[in-house]
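This report concerns only the one structure given below.
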2 protein chains.
Amino acid sequence: MIEPDWSHYRAFVAVLREGSLSGAARALGLAQPTLGRQIAELERNLGAALFIRSPRGLVPTDAARDIAPHAEAMAAAAGAMMRLASGGTDGASGVVRVTASDIIGAEVLPALLGAFRRAHPAATIELALSNRVEDLLRGDADIAVRMVRPSQQALVTRHIGAVSLGLYAHRRYLEGAPPLRSLATLARDHALIGFDRGTPFLREMLTRLPLTRDDFALRADSDLAQLAAIRAGFGIGFIQHGIARRDPELIPIFPGEIGFTLDMWLALHEDLRASRRLRLMMDHLAAGLAAYVAQSQP
Amino acid sequence: MIEPDWSHYRAFVAVLREGSLSGAARALGLAQPTLGRQIAELERNLGAALFIRSPRGLVPTDAARDIAPHAEAMAAAAGAMMRLASGGTDGASGVVRVTASDIIGAEVLPALLGAFRRAHPAATIELALSNRVEDLLRGDADIAVRMVRPSQQALVTRHIGAVSLGLYAHRRYLEGAPPLRSLATLARDHALIGFDRGTPFLREMLTRLPLTRDDFALRADSDLAQLAAIRAGFGIGFIQHGIARRDPELIPIFPGEIGFTLDMWLALHEDLRASRRLRLMMDHLAAGLAAYVAQSQP
DNA sequence: TCGTAGATATACATATTTGCATGATCGAGC
DNA sequence: GCTCGATCATGCAAATATGTATATCTACGA
């Protein structure tokens with residue numbers, strides 16, 4: 001076996017993402033025959049067929065699926081290096097890539113990132129919404145906002161505080177629903193919104209509450225989907241207080257009687273600690289999120 | 001900024017490792033001017049100087065040091081893909097890369113790996129000795145033998161058992177040393193061998209023993225160095241029972257009175273779970289290590 | 001049934017990259 | 001002070017990769 005040309009892995013990732021040589025060629029700004037030849041040579045060098053050619057595109061083989069995560073890791077690393085280089089000898093300029101859970105990224109971060117951008121117009125910000133913690137180690141992102149303590153070594157972490165969640169429902173839902181009697185009868189009388197499979201962490205949380213998975217009328221692992229369902233008047237579910245309180249139509253249910261808290265953490269790869277613009281972003285997020293945490297108490 | 005040709009990152013890693021264009025060229029099987037031009041273009045594309053040229057070689061700049069870990073990650077991923085591809089559609093053939101702490105790798109694994117090789121002659125085995133846990137996530141290795149529970153998600157783990165350690169000394173040392181009186185006077189009368197900075201985990205272990213760092217006459221973080229020192233008759237130190245009992249010249253010191261245990265774990269990246277040869281190796285190691293653990297009880 | 005859109009494969013001229021040979025520079029050691 | 005050995009830089013011919021244009025195939029829809 002011959003070590004393949006690394007640029008062919010770039011072609012491989014593009015074909016994998018786009019599903020066709022032509023699409024990958026467009027994405028990379030190359031010609032379609034070029035990609036065809038690069039993939040062919042990659043297959044020759046690795047000694048394995050990676051795609052089944054068809055007139056509809058290229059279908060990855062098992063071998064391709066095996067190596068795909070590593071190729072994606074290469075792409076992530078390459079992206080990280082470009083971000084690093086874009087900052088030059090480090091002013092506030094350059095790209096900062098932030099990853100967060102979808103709900104934080106959609107409801108809390110936009111305002112904070114906007115303020116950062118106004119303070120540092122030379123900065124470019126990328127926001128990636130995902131719950132995968134390994135993103136930082138792989139270089140998929142520079143800074144992560146997480147609701148679990150990042151356990152990886154090689155990560156610099158910063159504890160922001162505890163965010164509390166409580167039950168809320170939209171005013172529209174409550175108008176047409178039976179009266180709220182007691183916590184014990186809640187699941188019987190009302191449409192509850194909760195987690196489907198959930199993360200191990202959240203599942204543990206649920207065991208401390210007087211609710212089980214079967215009590216939920218709508219189960220979704222996406223926080224955003226749950227929030228949207230509550231806002232749409234589907235029923236009753238958990239929302240972070242800081243988010244719910246912005247909307248006067250969202251009514252707290254049994255406040256003080258039921259709820260739980262999540263710790264919020266910021267994490268940074270230790271290799272990036274020296275970067276000035278990342279430290280600026282880190283400080284800005286820490287301050288903004290701390291303010292958010294303060295608004296999120298029961 | 002232009003996205004650099006990924007193959008130039010390969011050149012970058014080689015230059016970083018070898019310290020010169022000529023050396024990198026030899027390592028990669030390319031010509032020295034080729035490497036020079038590739039590095040030059042990488043610098044142009046990233047918009048940053050990566051090396052200071054000198055007649056003695058190339059010295060990396062800060063920018064180079066910033067991106068170096070990511071480039072190394074690319075190299076690790078590329079290596080992982082080659083290993084995966086070498087296994088083909090998965091018989092028992094191909095490369096298996098195992099990482100373990102140095103002492104396990106030197107004292108316990110060789111016999112196990114030899115047996116595996118005899119059972120599966122088509123397999124090639126690589127053994128990397130290191131205590132870094134992130135190796136698996138980066139793709140530096142396929143299977144890890146660790147003495148701490150791997151915490152990363154995306155890792156499939158398997159608990160082997162608890163290995164016990166006790167104090168041992170070589171017969172030669174004891175012949176010329178003062179008599180063994182009591183545990184309390186051990187540090188005063190004898191040359192003790194222990195950890196220097198140690199891992200956080202081992203440091204915590206030490207707090208449970210009636211010994212402190214200052215009691216050690218020889219401090220080394222390398223388990224192998226400690227073992228060698230004990231075998232050479234330097235003094236008294238901790239050895240895993242299973243290793244010490246193979247050598248009748250190694251005499252247990254206060255057996256049953258002092259010691260501690262370490263849990264042994266096998267870990268595999270979840271992306272590799274499907275590979276047949278890795279499962280074979282995993283099962284083989286699990287069985288062999290379990291036998292070793294059985295011999296390592298107090 | 002036929003035409004269209006989108007896909008992969010092939011042919012050939014053109015760019016680009018590579019390797020070899022050579023020159024230039026610096027430090028170590030006698 | 002000089003040579004030796006190592007390095008990086010440069011010029012030029014050959015090998016290689018790329019792009020354009022074209023042919024071919026298949027699914028989809030009028």
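Going by the structure tokens order, chains are called A, B, ..., each with residues numbered from 1, while ligands are numbered from 1 in the order shown.
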Give me, as a tab-separated table, the closest atom pair and its distance (Å, one decimal) for every residue of chain A within a cut-off of 8 Å of chain B, counting only C-alpha atoms, rows sorted by chain and rising number.
```
residue	atom	partner	partner_atom	distance
A:Met1	CA	B:Ser86	CA	7.5
A:Glu3	CA	B:Met82	CA	7.3
A:Asp5	CA	B:Ser7	CA	6.0
A:Trp6	CA	B:Ser7	CA	4.6
A:Ser7	CA	B:Trp6	CA	4.6
A:Arg10	CA	B:Trp6	CA	7.2
A:Leu46	CA	B:Ala85	CA	5.8
A:Gly47	CA	B:Ala85	CA	7.0
A:Ala48	CA	B:Gly88	CA	6.6
A:Asp62	CA	B:Thr89	CA	8.0
A:Ala63	CA	B:Thr89	CA	7.0
A:Asp66	CA	B:Asp271	CA	7.1
A:Ile67	CA	B:Met81	CA	5.4
A:Pro69	CA	B:Asp271	CA	7.5
A:His70	CA	B:Ala77	CA	5.0
A:Ala71	CA	B:Ala77	CA	6.8
A:Ala73	CA	B:Ala77	CA	6.6
A:Met74	CA	B:Met74	CA	4.7
A:Ala77	CA	B:His70	CA	5.0
A:Ala78	CA	B:His70	CA	7.2
A:Ala80	CA	B:His70	CA	7.0
A:Met81	CA	B:Ile67	CA	5.4
A:Met82	CA	B:Leu46	CA	6.8
A:Leu84	CA	B:Ile67	CA	6.9
A:Ala85	CA	B:Leu46	CA	5.9
A:Ser86	CA	B:Leu46	CA	7.4
A:Gly88	CA	B:Ala48	CA	6.8
A:Thr89	CA	B:Ala63	CA	7.5
A:Glu134	CA	B:Gln153	CA	7.9
A:Arg138	CA	B:Arg138	CA	7.4
A:Gly139	CA	B:His70	CA	7.3
A:Ser151	CA	B:Ser151	CA	7.2
A:Gln152	CA	B:Gln152	CA	6.9
A:Asp271	CA	B:Asp66	CA	7.1
A:Leu272	CA	B:Asp66	CA	7.5
```
Kindly provide the residues of chain B that approach chain D to within 12 Å, each paired with its closest atom pair and their distance in Å to one decimal, based on only C-alpha atoms (C1' of nucleotides), listed by chain and increasing number, as a Markdown table.
```
| residue | atom | partner | partner_atom | distance |
| --- | --- | --- | --- | --- |
| B:Gly19 | CA | D:DT7 | C1' | 11.0 |
| B:Ser20 | CA | D:DT7 | C1' | 8.1 |
| B:Leu21 | CA | D:DC8 | C1' | 8.0 |
| B:Ser22 | CA | D:DT7 | C1' | 7.8 |
| B:Gly23 | CA | D:DT7 | C1' | 10.1 |
| B:Gln32 | CA | D:DC8 | C1' | 8.9 |
| B:Pro33 | CA | D:DA9 | C1' | 8.2 |
| B:Thr34 | CA | D:DA9 | C1' | 11.5 |
| B:Leu35 | CA | D:DC8 | C1' | 10.9 |
| B:Gly36 | CA | D:DC8 | C1' | 8.2 |
| B:Arg37 | CA | D:DA9 | C1' | 10.2 |
| B:Ala40 | CA | D:DA9 | C1' | 11.9 |
| B:Ile52 | CA | D:DC8 | C1' | 11.0 |
| B:Arg53 | CA | D:DC8 | C1' | 7.3 |
| B:Ser54 | CA | D:DC8 | C1' | 7.2 |
| B:Pro55 | CA | D:DT7 | C1' | 4.2 |
| B:Arg56 | CA | D:DT7 | C1' | 5.2 |
| B:Gly57 | CA | D:DT7 | C1' | 6.1 |
| B:Leu58 | CA | D:DC8 | C1' | 9.2 |
```
Could you tell me which residues of chain C sit within 10 Å of chain B when counting only C-alpha atoms (C1' of nucleotides), and give me the result as a PDB file with N, CA, C and O atoms (P, O5', C5', C4', C3', O3' and C1' of nucleotides), in the first residue's frame?
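Ended up saving to iface.pdb:
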```pdb
ATOM      1  P    DT C  17       1.666  24.116  -8.771  1.00  0.00           P
ATOM      2  O5'  DT C  17       2.483  22.754  -8.646  1.00  0.00           O
ATOM      3  C5'  DT C  17       1.795  21.528  -8.828  1.00  0.00           C
ATOM      4  C4'  DT C  17       2.780  20.387  -8.967  1.00  0.00           C
ATOM      5  C3'  DT C  17       3.930  20.431  -7.950  1.00  0.00           C
ATOM      6  O3'  DT C  17       4.010  19.172  -7.316  1.00  0.00           O
ATOM      7  C1'  DT C  17       4.789  20.171 -10.140  1.00  0.00           C
ATOM      8  P    DT C  18       5.025  18.982  -6.079  1.00  0.00           P
ATOM      9  O5'  DT C  18       6.201  18.150  -6.736  1.00  0.00           O
ATOM     10  C5'  DT C  18       5.904  16.914  -7.359  1.00  0.00           C
ATOM     11  C4'  DT C  18       7.083  16.457  -8.186  1.00  0.00           C
ATOM     12  C3'  DT C  18       8.397  16.341  -7.414  1.00  0.00           C
ATOM     13  O3'  DT C  18       8.730  14.982  -7.241  1.00  0.00           O
ATOM     14  C1'  DT C  18       8.695  17.400  -9.549  1.00  0.00           C
ATOM     15  P    DG C  19       9.948  14.587  -6.263  1.00  0.00           P
ATOM     16  O5'  DG C  19      11.200  14.530  -7.247  1.00  0.00           O
ATOM     17  C5'  DG C  19      11.145  13.715  -8.395  1.00  0.00           C
ATOM     18  C4'  DG C  19      12.392  13.881  -9.235  1.00  0.00           C
ATOM     19  C3'  DG C  19      13.706  13.795  -8.449  1.00  0.00           C
ATOM     20  O3'  DG C  19      14.611  12.964  -9.151  1.00  0.00           O
ATOM     21  C1'  DG C  19      13.604  15.860  -9.630  1.00  0.00           C
ATOM     22  P    DC C  20      15.979  12.540  -8.500  1.00  0.00           P
ATOM     23  O5'  DC C  20      17.071  13.335  -9.364  1.00  0.00           O
ATOM     24  C5'  DC C  20      17.018  13.274 -10.784  1.00  0.00           C
ATOM     25  C4'  DC C  20      17.943  14.313 -11.385  1.00  0.00           C
ATOM     26  C3'  DC C  20      19.338  14.368 -10.739  1.00  0.00           C
ATOM     27  O3'  DC C  20      20.319  14.329 -11.763  1.00  0.00           O
ATOM     28  C1'  DC C  20      18.365  16.535 -10.802  1.00  0.00           C
ATOM     29  P    DT C  25      26.772  33.411  -0.960  1.00  0.00           P
ATOM     30  O5'  DT C  25      26.442  32.748   0.448  1.00  0.00           O
ATOM     31  C5'  DT C  25      25.075  32.582   0.854  1.00  0.00           C
ATOM     32  C4'  DT C  25      25.023  31.748   2.122  1.00  0.00           C
ATOM     33  C3'  DT C  25      26.047  32.161   3.180  1.00  0.00           C
ATOM     34  O3'  DT C  25      25.366  32.494   4.384  1.00  0.00           O
ATOM     35  C1'  DT C  25      26.039  29.820   2.886  1.00  0.00           C
ATOM     36  P    DC C  26      26.088  33.390   5.479  1.00  0.00           P
ATOM     37  O5'  DC C  26      26.386  32.330   6.638  1.00  0.00           O
ATOM     38  C5'  DC C  26      25.295  31.633   7.228  1.00  0.00           C
ATOM     39  C4'  DC C  26      25.788  30.350   7.857  1.00  0.00           C
ATOM     40  C3'  DC C  26      26.894  30.517   8.896  1.00  0.00           C
ATOM     41  O3'  DC C  26      26.368  30.250  10.186  1.00  0.00           O
ATOM     42  C1'  DC C  26      27.281  28.650   7.463  1.00  0.00           C
ATOM     43  P    DG C  27      27.255  30.593  11.484  1.00  0.00           P
ATOM     44  O5'  DG C  27      27.793  29.150  11.904  1.00  0.00           O
ATOM     45  C5'  DG C  27      26.850  28.155  12.292  1.00  0.00           C
ATOM     46  C4'  DG C  27      27.561  26.836  12.497  1.00  0.00           C
ATOM     47  C3'  DG C  27      28.687  26.856  13.537  1.00  0.00           C
ATOM     48  O3'  DG C  27      28.591  25.700  14.342  1.00  0.00           O
ATOM     49  C1'  DG C  27      29.525  26.086  11.455  1.00  0.00           C
TER      50       DG C  27
END
```
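The spacing separating atom CA of A:Gly194 from atom CA of A:Leu113 amounts to 29.0 Å.
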